[in-house]
Amino acid sequence: MNEPNLAVDFAGIKLKNPVLTASGTFGFGREYSRLWDLNLLGGIIVKAVTLEPRLGNPPPRIAETPAGILNSIGLQNPGVVSFIRDYLPFLRQYEDLPVIVNIAGNTIEDYARVAEKLSNAEGISALEVNISCPNVKQGGLAFGTDPESAYQVIEAVKANTDLPVIAKLSPNVTDITEIALSVEEAGADGISLINTLLGMAIDINSWQPILSNVVGGLSGPAVKPIAVRMVWQTAQKVSIPILGMGGIATAEDGIEFMLAGAKAIAVGTANFFNPYAAPEIVAGLKRYLKEKNIEDVNQLCGALRFTKNN
Amino acid sequence: MNEPNLAVDFAGIKLKNPVLTASGTFGFGREYSRLWDLNLLGGIIVKAVTLEPRLGNPPPRIAETPAGILNSIGLQNPGVVSFIRDYLPFLRQYEDLPVIVNIAGNTIEDYARVAEKLSNAEGISALEVNISCPNVKQGGLAFGTDPESAYQVIEAVKANTDLPVIAKLSPNVTDITEIALSVEEAGADGISLINTLLGMAIDINSWQPILSNVVGGLSGPAVKPIAVRMVWQTAQKVSIPILGMGGIATAEDGIEFMLAGAKAIAVGTANFFNPYAAPEIVAGLKRYLKEKNIEDVNQLCGALRFTKNN
Amino acid sequence: MNVYQAEILTSEKLGQLYHLLIIKQPDIALTAKPGQFVYLKGGKGLDPLLPRPLSIHQLNQKEGTIQLLFQLKGKGTIGFSKMKTGDLLTVLGPLGNGFSLADEGQNIVIIGGGIGVAPLLYLAEKLQERHFKPIIILGFRDKENIVAYESFSQLGCQLIVATEDGSFGRRGRVTGVLEEIISSEKIDVIYACGPQPMLKAVQKVAEKWEVENCQLSLEARMGCGLGACMACVCGVRLEDGQFGYRRVCSEGPVFNSREVLFDE
Amino acid sequence: MNVYQAEILTSEKLGQLYHLLIIKQPDIALTAKPGQFVYLKGGKGLDPLLPRPLSIHQLNQKEGTIQLLFQLKGKGTIGFSKMKTGDLLTVLGPLGNGFSLADEGQNIVIIGGGIGVAPLLYLAEKLQERHFKPIIILGFRDKENIVAYESFSQLGCQLIVATEDGSFGRRGRVTGVLEEIISSEKIDVIYACGPQPMLKAVQKVAEKWEVENCQLSLEARMGCGLGACMACVCGVRLEDGQFGYRRVCSEGPVFNSREVLFDE
Ligand SMILES: Cc1cc2nc3c(=O)[nH]c(=O)nc-3n(C[C@H](O)[C@H](O)[C@H](O)COP(=O)(O)OP(=O)(O)OC[C@H]3O[C@@H](n4cnc5c(N)ncnc54)[C@H](O)[C@@H]3O)c2cc1C
Ligand SMILES: Cc1cc2nc3c(=O)[nH]c(=O)nc-3n(C[C@H](O)[C@H](O)[C@H](O)COP(=O)(O)OP(=O)(O)OC[C@H]3O[C@@H](n4cnc5c(N)ncnc54)[C@H](O)[C@@H]3O)c2cc1C
Ligand SMILES: Cc1cc2nc3c(=O)[nH]c(=O)nc-3n(C[C@H](O)[C@H](O)[C@H](O)COP(=O)(O)O)c2cc1C
Ligand SMILES: Cc1cc2nc3c(=O)[nH]c(=O)nc-3n(C[C@H](O)[C@H](O)[C@H](O)COP(=O)(O)O)c2cc1C
Ligand code: FES
Ligand code: FES
């Protein structure tokens, strides 16, 4: 058998394989590049970038929970100007590494301005619009839990960029498909699912929340079943492609997401407990396709089968 | 120091300790009674009872996920008549074991009729109204995700019983406090938090969902941070007591829930991987209170402290 | 039945696919019946979360030990195989109803497929003890998949091994062998354990040849292992002829083949 | 810096509270500087999920081994202590900036509190090698909490141990001892590691006596360990005087005490 095809076209972005790294878990790429060649990735999604630099929340910002973590980083980032000047050039050295920039803001206007600024820079393949960050007081989650606000943010971003726009949705909602349909209508070219689930952990010795921000976002293997379900539900409803994430730590996990309907996948928390997770998933995916005699990774996408009982 | 007080009053039900077993994970008590004395429990919440017997969903009905499980039992139960005749007498042998009956239905009328029938039986301490089961086609989750429907179910149950009514809410919502306020207004005497989160798992060899019902309810340690957060959010808003559950496997876990605002706690999935979990949690709670020199377990309830950073 | 901490006395890799553990647990060794199982967890960790059901392969009452024979499938079984002598396992058991032993003078066939042979060794031995002369048919995909052959052959019963590819013993399926036997002599009792397609085929043969006492040991994904959660059900025809679900953990794992409704 | 599979050569319980592991990892042993740390995980399981940061307590370049000294606190550290000789640990390292060594002729005090002594042994040895004569002050709650005393006393430096209850060595806090020393001789460099209240007190002393080169090794809950996730920050006064956050894993764990802003 020939080598299987791993390339996918995601919302017009050509990815040599469907494995990306999830925003906020991989910085701007530099740290992990000391361990392995970033060219192995299908693409990189960088940490959220905002109009102005952000300080983020006070520490502690992370807590371990069963098979998961809570984080409340609070979007610490150097701001869009510094990103373009100080961080983007490093990534542009990689010839075959699509760079997707995750953007956030307090107001719709913020989103529009960041989008505009990034669109004038060179070397960016798409914008991922974070309307789902649970760790900031303004904006963030509020945009992602209301279909109307979600629509407005995406519409404003679309109006200010020619880049493909991926809406990153929050799982903290009653009906994910309602928000998904709304951003699709607003012109989103793809959907990222899922951001973190709102959670909390308490230190029973001090009687205080472990996170100084009290609540934080839950991610990691613990959330995988919820993420797979949301990808599956959403894939039934929308026609734009889905970028699946939430607890992916192995190629097997990634395949679950693709069968559920994701066209590409992102590795987040797993980077923390296995810094080689992403390239291992690329290799594992290839091995799986070979073993199963599948010529093209696209054949997995939404290929879920049902027995008569379903 | 004297023995600490473990007794709590939950919505008028006197519990000798705050540890119950969660509905559906403990049957009608008989199986675990072969291992330890059920009188050790603060109370028992039995499997959901419906007006008519229910067959439940086809197998497979359970899947293991990271630090959690998915289930899609589908409310298999013998129906309210058989429950009262064949199962309740066994529990009534235990002199000091409050029995809380979890009830479910397809229609508001169903709930009302089950409530009525159970109110005429002897030996029941309260009803827990399941408006949050993700595993049945009609009713279930739909009631629990809409404040108005939730209100109507609780109102109808209240109108048909003199027993304390505990509303069991679904975590699959954008704002848990909205539903909580709605059931409080409808007259609920207490709130159980949380039922399972909707999830899904796929077998990457057969390309089929593992559960024959495709989706199922996620429970176990994985969901604990979400449950603690919801208990905390809800405790800020309502004045009726909260029965906390979702991933409780140790006394430490239970204490987290109580600090967040739960007055009592229930052990669910942990029964499966440690059949002695519930009595061990009672013992662990007592040990904790002694070590910390706390006289009364009620002092934990909602005692969360905040540092200046919060 | 209770929860015990049991020490691993022997841990033995059997080829690439299987593993044998001998653990010390006198209470279970004294009371377990053939066909019963234990629900096994290796420590208090949350990964994997649930215990795993494993049949009692063999036991030694004098030494208070039980043998567990299993196939390496996923996290649970691979985890058990990595535990070392002296490590403790948490064991809930003995669980389930087990096989009901035949009446005096009855002709018996025992059929196992793949790792489904696990609960059949103790059964065969028990039957021999009671002076039955069961015919044992074991089927495997190929030679590499054969397991526990030695133990079965030492029983001194008539033993027929079949492999699907003919790489060892007879070529073909166990149910072919079963039909041959049934067509030449009257069989009163069939005991079977193995993959579902095999059990379905055995069910058909039993129905066709009107073997009333055909006992199938089923598998199902479990939650509590005790009968409390309703996770492990299989479809059955109830006494009143209606369709219903029974719990494999507590009402099984052994069912009469007439009541089992596969695929429902 | 890389991810390695490292074999456990020695696993030694030190009383009820502490544990010492010696692991084989030549690359780290060759390159690690005092004050650097490793990010350690015991196998691929998900419980616990994250690695744990542990300082390099000591290393042996010839043998390619490193020593990790730790307090038993929760799942992670207790899990490491239960691993056996021959087991493999996954080690990411060496990480962080480490201590910067003093200039020739400078007077040095090393202060450790509790398990905070861990990174100081290798530091002290390195300083001795370079002919410094550091004064070492170690503080513990009480006699039972003392750890690594032998190793430090074998260095041949001036060693002062203080316990809060006076059950061993001097009674009182390490910062009391520090002030005594500083008030009698000029100290150029302070190295400190220990619980936050101790570090705050050291910071105050350094400020009061204008010790410019006071290096504090901080702890923080970590995500990636590499500098990518921004989880492990501590509050600092930036070059421009503004408040900001720095990453303990990659910009620390050692910071000059003048820049650290505790409680912010
Ligand atoms: C009553 C009974 C007796 C059994 N006896 C034996 C035996 O003696 N030897 C043996 O090798 N196997 C036996 N099995 C099957 C054995 O339980 C599974 O192979 C094992 O649970 C797989 O776990 P895993 O973690 O290795 O695999 P995984 O596939 O990773 O397991 C994932 C989950 O699915 C469940 N699961 C997967 N396969 C099965 C299965 N076939 N049956 C039930 N649950 C399953 C697991 O318990 C676990 O919860 C028995 C099953 C039952 C129900
Ligand atoms: C750079 C650095 C070097 C360290 N060196 C040592 C050392 O040499 N010896 C030693 O005993 N300890 C050291 N620590 C502290 C050590 O990392 C924690 O004691 C350990 O992580 C606790 O893990 P646990 O699972 O046993 O405890 P748990 O409390 O169960 O851990 C829960 C979570 O909190 C984190 N956590 C808890 N306490 C700390 C802490 N003090 N610092 C950072 N994270 C924490 C854990 O990593 C884990 O993610 C160091 C910490 C840092 C940051
Ligand atoms: C430490 C941390 C920081 C994150 N920061 C961002 C962010 O800046 N923007 C964003 O859209 N998502 C952010 N996320 C969410 C992840 O991109 C991802 O959606 C989520 O963690 C689920 O995937 P995982 O379980 O694989 O981590 C962050 C997650 C973590 C753990
Ligand atoms: C197998 C199973 C069956 C359940 N059945 C019911 C039920 O009948 N009624 C109900 O209200 N909740 C039911 N639940 C939800 C639990 O009562 C509990 O709310 C949930 O599992 C979270 O707690 P846990 O994580 O401790 O299990 C069931 C849960 C499981 C795992
Ligand atoms: S596994 Fe719970 S009823 Fe069988
Ligand atoms: S732990 Fe990720 S930046 Fe320090």
# chains A, B, ... in the order shown; residues from 1 in each chain; ligands from 1
$ residues_near_ligand --ligand "ligand 3" --cutoff "8 Å" --atoms "only C-alpha atoms and all ligand atoms" --output "ChimeraX atom specification"
/A:21-25,46-49,62,68-75,102-104,128-133,168,192-196,217-224,245-249,266-270 /D:223,229-231
$ residues_around --residues "segment 175-186 of chain A" --least-positions-apart "4" --cutoff "9 Å" --atoms "only C-alpha atoms" --output "ChimeraX atom specification"
/A:144-148,150-156,158,167,169-171,190-191,230,233-240 /B:172-174
$ write_last_selection --atoms "N, CA, C and O atoms" --output "tab-separated table (two decimals), in the first residue's frame"
chain	number	residue	atom	x	y	z
A	144	GLY	N	-19.93	33.72	24.05
A	144	GLY	CA	-20.06	32.37	23.53
A	144	GLY	C	-21.28	31.63	24.00
A	144	GLY	O	-21.55	30.52	23.55
A	145	THR	N	-22.03	32.21	24.94
A	145	THR	CA	-23.18	31.48	25.46
A	145	THR	C	-24.50	32.06	24.95
A	145	THR	O	-25.56	31.56	25.27
A	146	ASP	N	-24.40	33.10	24.16
A	146	ASP	CA	-25.60	33.73	23.62
A	146	ASP	C	-25.49	33.75	22.09
A	146	ASP	O	-24.56	34.35	21.55
A	147	PRO	N	-26.42	33.12	21.39
A	147	PRO	CA	-26.30	33.01	19.93
A	147	PRO	C	-26.21	34.37	19.25
A	147	PRO	O	-25.45	34.54	18.29
A	148	GLU	N	-26.91	35.34	19.77
A	148	GLU	CA	-26.94	36.66	19.16
A	148	GLU	C	-25.58	37.35	19.28
A	148	GLU	O	-25.03	37.87	18.29
A	150	ALA	N	-22.73	35.91	19.84
A	150	ALA	CA	-21.77	35.12	19.07
A	150	ALA	C	-21.82	35.55	17.60
A	150	ALA	O	-20.79	35.74	16.96
A	151	TYR	N	-23.02	35.70	17.12
A	151	TYR	CA	-23.23	36.14	15.74
A	151	TYR	C	-22.53	37.48	15.49
A	151	TYR	O	-21.79	37.65	14.52
A	152	GLN	N	-22.76	38.41	16.40
A	152	GLN	CA	-22.21	39.75	16.21
A	152	GLN	C	-20.68	39.76	16.20
A	152	GLN	O	-20.08	40.46	15.39
A	153	VAL	N	-20.09	39.00	17.08
A	153	VAL	CA	-18.62	38.97	17.11
A	153	VAL	C	-18.09	38.43	15.79
A	153	VAL	O	-17.20	39.02	15.17
A	154	ILE	N	-18.64	37.32	15.35
A	154	ILE	CA	-18.14	36.70	14.12
A	154	ILE	C	-18.38	37.62	12.92
A	154	ILE	O	-17.49	37.78	12.07
A	155	GLU	N	-19.53	38.22	12.89
A	155	GLU	CA	-19.85	39.15	11.80
A	155	GLU	C	-18.82	40.30	11.75
A	155	GLU	O	-18.29	40.64	10.69
A	156	ALA	N	-18.52	40.84	12.93
A	156	ALA	CA	-17.57	41.96	13.00
A	156	ALA	C	-16.16	41.52	12.57
A	156	ALA	O	-15.46	42.24	11.87
A	158	LYS	N	-15.43	38.96	10.58
A	158	LYS	CA	-15.48	38.72	9.12
A	158	LYS	C	-15.38	40.02	8.33
A	158	LYS	O	-14.72	40.07	7.28
A	167	ALA	N	-14.73	29.99	14.46
A	167	ALA	CA	-15.34	30.40	15.73
A	167	ALA	C	-15.09	29.32	16.77
A	167	ALA	O	-15.41	28.15	16.55
A	169	LEU	N	-16.07	27.76	20.15
A	169	LEU	CA	-17.27	27.83	20.98
A	169	LEU	C	-17.06	27.27	22.38
A	169	LEU	O	-16.19	26.43	22.64
A	170	SER	N	-17.89	27.75	23.26
A	170	SER	CA	-17.87	27.31	24.65
A	170	SER	C	-18.79	26.11	24.84
A	170	SER	O	-19.91	26.09	24.32
A	171	PRO	N	-18.36	25.11	25.62
A	171	PRO	CA	-19.23	23.98	25.90
A	171	PRO	C	-20.22	24.26	27.04
A	171	PRO	O	-21.06	23.43	27.34
A	190	GLY	N	-15.29	27.98	9.86
A	190	GLY	CA	-15.09	26.73	10.57
A	190	GLY	C	-15.44	26.94	12.03
A	190	GLY	O	-15.65	28.08	12.48
A	191	ILE	N	-15.51	25.82	12.76
A	191	ILE	CA	-15.87	25.90	14.18
A	191	ILE	C	-14.87	25.08	14.98
A	191	ILE	O	-14.57	23.94	14.63
A	230	MET	N	-20.29	16.88	21.57
A	230	MET	CA	-20.61	18.18	20.97
A	230	MET	C	-20.17	18.24	19.51
A	230	MET	O	-20.86	18.82	18.67
A	233	GLN	N	-22.85	16.21	17.65
A	233	GLN	CA	-24.11	16.96	17.52
A	233	GLN	C	-23.98	18.08	16.51
A	233	GLN	O	-24.87	18.30	15.68
A	234	THR	N	-22.86	18.80	16.58
A	234	THR	CA	-22.69	19.96	15.71
A	234	THR	C	-22.50	19.53	14.26
A	234	THR	O	-23.03	20.16	13.35
A	235	ALA	N	-21.76	18.44	14.07
A	235	ALA	CA	-21.51	17.98	12.70
A	235	ALA	C	-22.81	17.61	11.99
A	235	ALA	O	-22.89	17.69	10.75
A	236	GLN	N	-23.84	17.22	12.74
A	236	GLN	CA	-25.13	16.91	12.12
A	236	GLN	C	-25.81	18.17	11.58
A	236	GLN	O	-26.70	18.09	10.75
A	237	LYS	N	-25.44	19.32	12.15
A	237	LYS	CA	-26.22	20.52	11.88
A	237	LYS	C	-25.56	21.52	10.94
A	237	LYS	O	-26.25	22.24	10.24
A	238	VAL	N	-24.24	21.61	10.98
A	238	VAL	CA	-23.59	22.66	10.20
A	238	VAL	C	-22.89	22.07	8.99
A	238	VAL	O	-22.60	20.87	8.95
A	239	SER	N	-22.60	22.92	8.02
A	239	SER	CA	-21.86	22.39	6.87
A	239	SER	C	-20.43	22.90	6.82
A	239	SER	O	-19.64	22.48	5.99
A	240	ILE	N	-20.07	23.82	7.71
A	240	ILE	CA	-18.66	24.23	7.79
A	240	ILE	C	-17.89	23.20	8.61
A	240	ILE	O	-18.46	22.48	9.41
B	172	ASN	N	-26.33	20.17	32.10
B	172	ASN	CA	-26.20	20.48	30.66
B	172	ASN	C	-26.92	21.78	30.31
B	172	ASN	O	-27.77	21.81	29.42
B	173	VAL	N	-26.60	22.83	31.04
B	173	VAL	CA	-27.28	24.10	30.83
B	173	VAL	C	-26.28	25.24	30.87
B	173	VAL	O	-25.22	25.13	31.46
B	174	THR	N	-26.67	26.34	30.26
B	174	THR	CA	-25.81	27.52	30.24
B	174	THR	C	-25.70	28.13	31.62
B	174	THR	O	-24.62	28.53	32.05
$ interface_residues --of "chain A" --to "chain B" --cutoff "8 Å" --atoms "only C-alpha atoms" --output "ChimeraX atom specification"
/A:58,65-68,145,172-175,197-204,206-209,212-215,218,221-230,252,255-256,259-260,303-307,309-310
$ residues_near_ligand --ligand "ligand 2" --cutoff "6 Å" --atoms "only C-alpha atoms and all ligand atoms" --output "ChimeraX atom specification"
/A:64 /D:37,50,52-55,69-78,115,118,219-221,253
$ residues_near_ligand --ligand "ligand 6" --cutoff "6 Å" --atoms "only C-alpha atoms and all ligand atoms" --output "PyMOL selection string"
chain D and resi 222-232+247-249
$ residues_around --residues "segment 154-156 of chain D" --least-positions-apart "2" --cutoff "8 Å" --atoms "only C-alpha atoms" --output "PyMOL selection string"
chain D and resi 124-125+150-152+158
$ closest_residue --among "B:Ala264, B:Leu6, B:Ala63, B:Ala121" --to "ligand 1" --atoms "only C-alpha atoms and all ligand atoms"
B:Ala63
$ select_by_dssp --residues "segment 67-226 of chain B" --states "strand (DSSP E or B)" --output "ChimeraX atom specification"
/B:68-71,77,99-103,126-130,165-168,190-193,197-200,202-203,208-209,215-219
$ write_last_selection --atoms "C-alpha atoms" --output "tab-separated table (two decimals), in the first residue's frame"
chain	number	residue	atom	x	y	z
B	68	GLY	CA	-15.44	8.67	34.50
B	69	ILE	CA	-18.13	6.53	32.99
B	70	LEU	CA	-20.88	7.07	30.47
B	71	ASN	CA	-24.17	5.35	31.13
B	77	ASN	CA	-37.22	0.04	36.72
B	99	VAL	CA	-35.46	6.67	51.96
B	100	ILE	CA	-35.56	9.24	49.19
B	101	VAL	CA	-37.28	8.10	46.03
B	102	ASN	CA	-36.06	9.43	42.72
B	103	ILE	CA	-38.97	9.84	40.31
B	126	ALA	CA	-38.68	12.63	50.40
B	127	LEU	CA	-38.99	12.65	46.63
B	128	GLU	CA	-36.11	13.55	44.38
B	129	VAL	CA	-37.52	14.73	41.07
B	130	ASN	CA	-35.31	13.73	38.18
B	165	VAL	CA	-39.47	17.63	47.20
B	166	ILE	CA	-35.90	17.79	45.97
B	167	ALA	CA	-35.39	18.92	42.38
B	168	LYS	CA	-32.52	17.14	40.67
B	190	GLY	CA	-34.07	21.21	48.15
B	191	ILE	CA	-31.91	20.86	45.06
B	192	SER	CA	-29.75	17.94	43.96
B	193	LEU	CA	-26.72	18.86	41.87
B	197	LEU	CA	-23.29	15.45	31.63
B	198	LEU	CA	-24.17	14.41	28.13
B	199	GLY	CA	-21.24	12.59	26.55
B	200	MET	CA	-20.27	10.09	23.91
B	202	ILE	CA	-16.68	5.80	19.99
B	203	ASP	CA	-15.09	2.44	19.33
B	208	GLN	CA	-19.61	2.68	16.17
B	209	PRO	CA	-20.66	4.49	19.31
B	215	VAL	CA	-24.94	9.29	23.83
B	216	GLY	CA	-24.98	8.76	27.57
B	217	GLY	CA	-24.49	10.50	30.88
B	218	LEU	CA	-20.99	11.23	32.12
B	219	SER	CA	-20.36	10.77	35.84
$ atom_distance --atom1 "atom CA of Gly43 of chain D" --atom2 "atom CA of Ala6 of chain D"
10.9 Å
$ select_by_dssp --residues "segment 43-259 of chain B" --states "alpha helix (DSSP H)" --output "PyMOL selection string"
chain B and resi 80-82+88-92+108-119+141-144+147-159+176-185+224-237+251-259
$ interface_residues --of "chain D" --to "chain B" --cutoff "12 Å" --atoms "only C-alpha atoms" --output "list in words"
Gly45, Leu46, Asp47, Pro48, Leu49, Phe262, Asp263 and Glu264 of chain D
$ residues_around --residues "Gly29 of chain B" --least-positions-apart "5" --cutoff "9 Å" --atoms "only C-alpha atoms" --output "list in words"
Leu38, Ile44, Ile45, Val46, Tyr87, Phe90 and Leu91 of chain B; Ala228 of chain C
$ closest_atom_pairs --of "chain B" --to "ligand 5" --cutoff "9 Å" --atoms "only C-alpha atoms and all ligand atoms" --output "CSV"
residue,atom,partner,partner_atom_place_in_ligand_line,distance
B:Thr25,CA,ligand 5,2 (Fe),8.0
B:Phe26,CA,ligand 5,2 (Fe),8.8
B:Gly27,CA,ligand 5,3 (S),8.3
B:Phe272,CA,ligand 5,2 (Fe),7.8
$ atom_distance --atom1 "atom CA of Pro18 of chain B" --atom2 "atom CA of Gly42 of chain B"
5.4 Å
$ decode --residues "segment 56-121 of chain B" --atoms "C-alpha atoms" --output "PDB file, in the first residue's frame"
ATOM      1  CA  GLY B  56     -34.544   0.683  29.587  1.00  0.00           C
ATOM      2  CA  ASN B  57     -32.156   0.992  26.657  1.00  0.00           C
ATOM      3  CA  PRO B  58     -30.482  -1.851  24.777  1.00  0.00           C
ATOM      4  CA  PRO B  59     -26.952  -2.769  25.849  1.00  0.00           C
ATOM      5  CA  PRO B  60     -24.135  -1.768  25.867  1.00  0.00           C
ATOM      6  CA  ARG B  61     -25.261   0.686  28.507  1.00  0.00           C
ATOM      7  CA  ILE B  62     -21.933   1.711  29.984  1.00  0.00           C
ATOM      8  CA  ALA B  63     -18.543   2.863  28.759  1.00  0.00           C
ATOM      9  CA  GLU B  64     -15.472   3.766  30.712  1.00  0.00           C
ATOM     10  CA  THR B  65     -13.881   7.154  30.000  1.00  0.00           C
ATOM     11  CA  PRO B  66     -10.930   8.921  31.645  1.00  0.00           C
ATOM     12  CA  ALA B  67     -11.771   9.033  35.376  1.00  0.00           C
ATOM     13  CA  GLY B  68     -15.445   8.673  34.497  1.00  0.00           C
ATOM     14  CA  ILE B  69     -18.126   6.533  32.987  1.00  0.00           C
ATOM     15  CA  LEU B  70     -20.881   7.075  30.472  1.00  0.00           C
ATOM     16  CA  ASN B  71     -24.175   5.350  31.134  1.00  0.00           C
ATOM     17  CA  SER B  72     -27.367   5.018  29.176  1.00  0.00           C
ATOM     18  CA  ILE B  73     -29.450   2.771  31.395  1.00  0.00           C
ATOM     19  CA  GLY B  74     -32.619   4.494  30.274  1.00  0.00           C
ATOM     20  CA  LEU B  75     -34.458   4.319  33.580  1.00  0.00           C
ATOM     21  CA  GLN B  76     -35.027   0.554  33.636  1.00  0.00           C
ATOM     22  CA  ASN B  77     -37.215   0.041  36.718  1.00  0.00           C
ATOM     23  CA  PRO B  78     -40.139  -2.076  37.844  1.00  0.00           C
ATOM     24  CA  GLY B  79     -42.613   0.813  38.067  1.00  0.00           C
ATOM     25  CA  VAL B  80     -44.047   2.537  41.096  1.00  0.00           C
ATOM     26  CA  VAL B  81     -46.508  -0.181  42.077  1.00  0.00           C
ATOM     27  CA  SER B  82     -43.913  -2.898  42.135  1.00  0.00           C
ATOM     28  CA  PHE B  83     -41.462  -0.571  43.884  1.00  0.00           C
ATOM     29  CA  ILE B  84     -43.853  -0.020  46.761  1.00  0.00           C
ATOM     30  CA  ARG B  85     -44.822  -3.669  46.954  1.00  0.00           C
ATOM     31  CA  ASP B  86     -41.551  -5.471  46.227  1.00  0.00           C
ATOM     32  CA  TYR B  87     -38.694  -3.157  47.121  1.00  0.00           C
ATOM     33  CA  LEU B  88     -39.754  -0.617  49.733  1.00  0.00           C
ATOM     34  CA  PRO B  89     -40.479  -3.181  52.488  1.00  0.00           C
ATOM     35  CA  PHE B  90     -36.856  -4.285  52.417  1.00  0.00           C
ATOM     36  CA  LEU B  91     -35.670  -0.738  53.070  1.00  0.00           C
ATOM     37  CA  ARG B  92     -38.246  -0.188  55.791  1.00  0.00           C
ATOM     38  CA  GLN B  93     -36.477  -2.835  57.859  1.00  0.00           C
ATOM     39  CA  TYR B  94     -33.733  -0.296  58.460  1.00  0.00           C
ATOM     40  CA  GLU B  95     -34.929   1.797  61.325  1.00  0.00           C
ATOM     41  CA  ASP B  96     -32.768   4.784  60.840  1.00  0.00           C
ATOM     42  CA  LEU B  97     -32.457   5.005  57.067  1.00  0.00           C
ATOM     43  CA  PRO B  98     -34.326   7.845  55.382  1.00  0.00           C
ATOM     44  CA  VAL B  99     -35.460   6.675  51.955  1.00  0.00           C
ATOM     45  CA  ILE B 100     -35.562   9.242  49.189  1.00  0.00           C
ATOM     46  CA  VAL B 101     -37.282   8.103  46.033  1.00  0.00           C
ATOM     47  CA  ASN B 102     -36.055   9.428  42.715  1.00  0.00           C
ATOM     48  CA  ILE B 103     -38.972   9.842  40.311  1.00  0.00           C
ATOM     49  CA  ALA B 104     -39.121  10.332  36.562  1.00  0.00           C
ATOM     50  CA  GLY B 105     -41.734  10.560  33.862  1.00  0.00           C
ATOM     51  CA  ASN B 106     -42.465  11.365  30.240  1.00  0.00           C
ATOM     52  CA  THR B 107     -45.063  13.991  31.014  1.00  0.00           C
ATOM     53  CA  ILE B 108     -45.822  16.347  33.865  1.00  0.00           C
ATOM     54  CA  GLU B 109     -48.863  14.228  34.552  1.00  0.00           C
ATOM     55  CA  ASP B 110     -46.616  11.169  34.976  1.00  0.00           C
ATOM     56  CA  TYR B 111     -44.559  12.933  37.612  1.00  0.00           C
ATOM     57  CA  ALA B 112     -47.695  14.029  39.432  1.00  0.00           C
ATOM     58  CA  ARG B 113     -49.151  10.504  39.484  1.00  0.00           C
ATOM     59  CA  VAL B 114     -45.933   8.854  40.693  1.00  0.00           C
ATOM     60  CA  ALA B 115     -45.599  11.470  43.404  1.00  0.00           C
ATOM     61  CA  GLU B 116     -49.157  10.855  44.497  1.00  0.00           C
ATOM     62  CA  LYS B 117     -48.735   7.095  44.659  1.00  0.00           C
ATOM     63  CA  LEU B 118     -45.516   7.328  46.643  1.00  0.00           C
ATOM     64  CA  SER B 119     -47.048   9.800  49.068  1.00  0.00           C
ATOM     65  CA  ASN B 120     -49.637   7.227  49.993  1.00  0.00           C
ATOM     66  CA  ALA B 121     -46.985   4.664  50.806  1.00  0.00           C
TER      67      ALA B 121
END
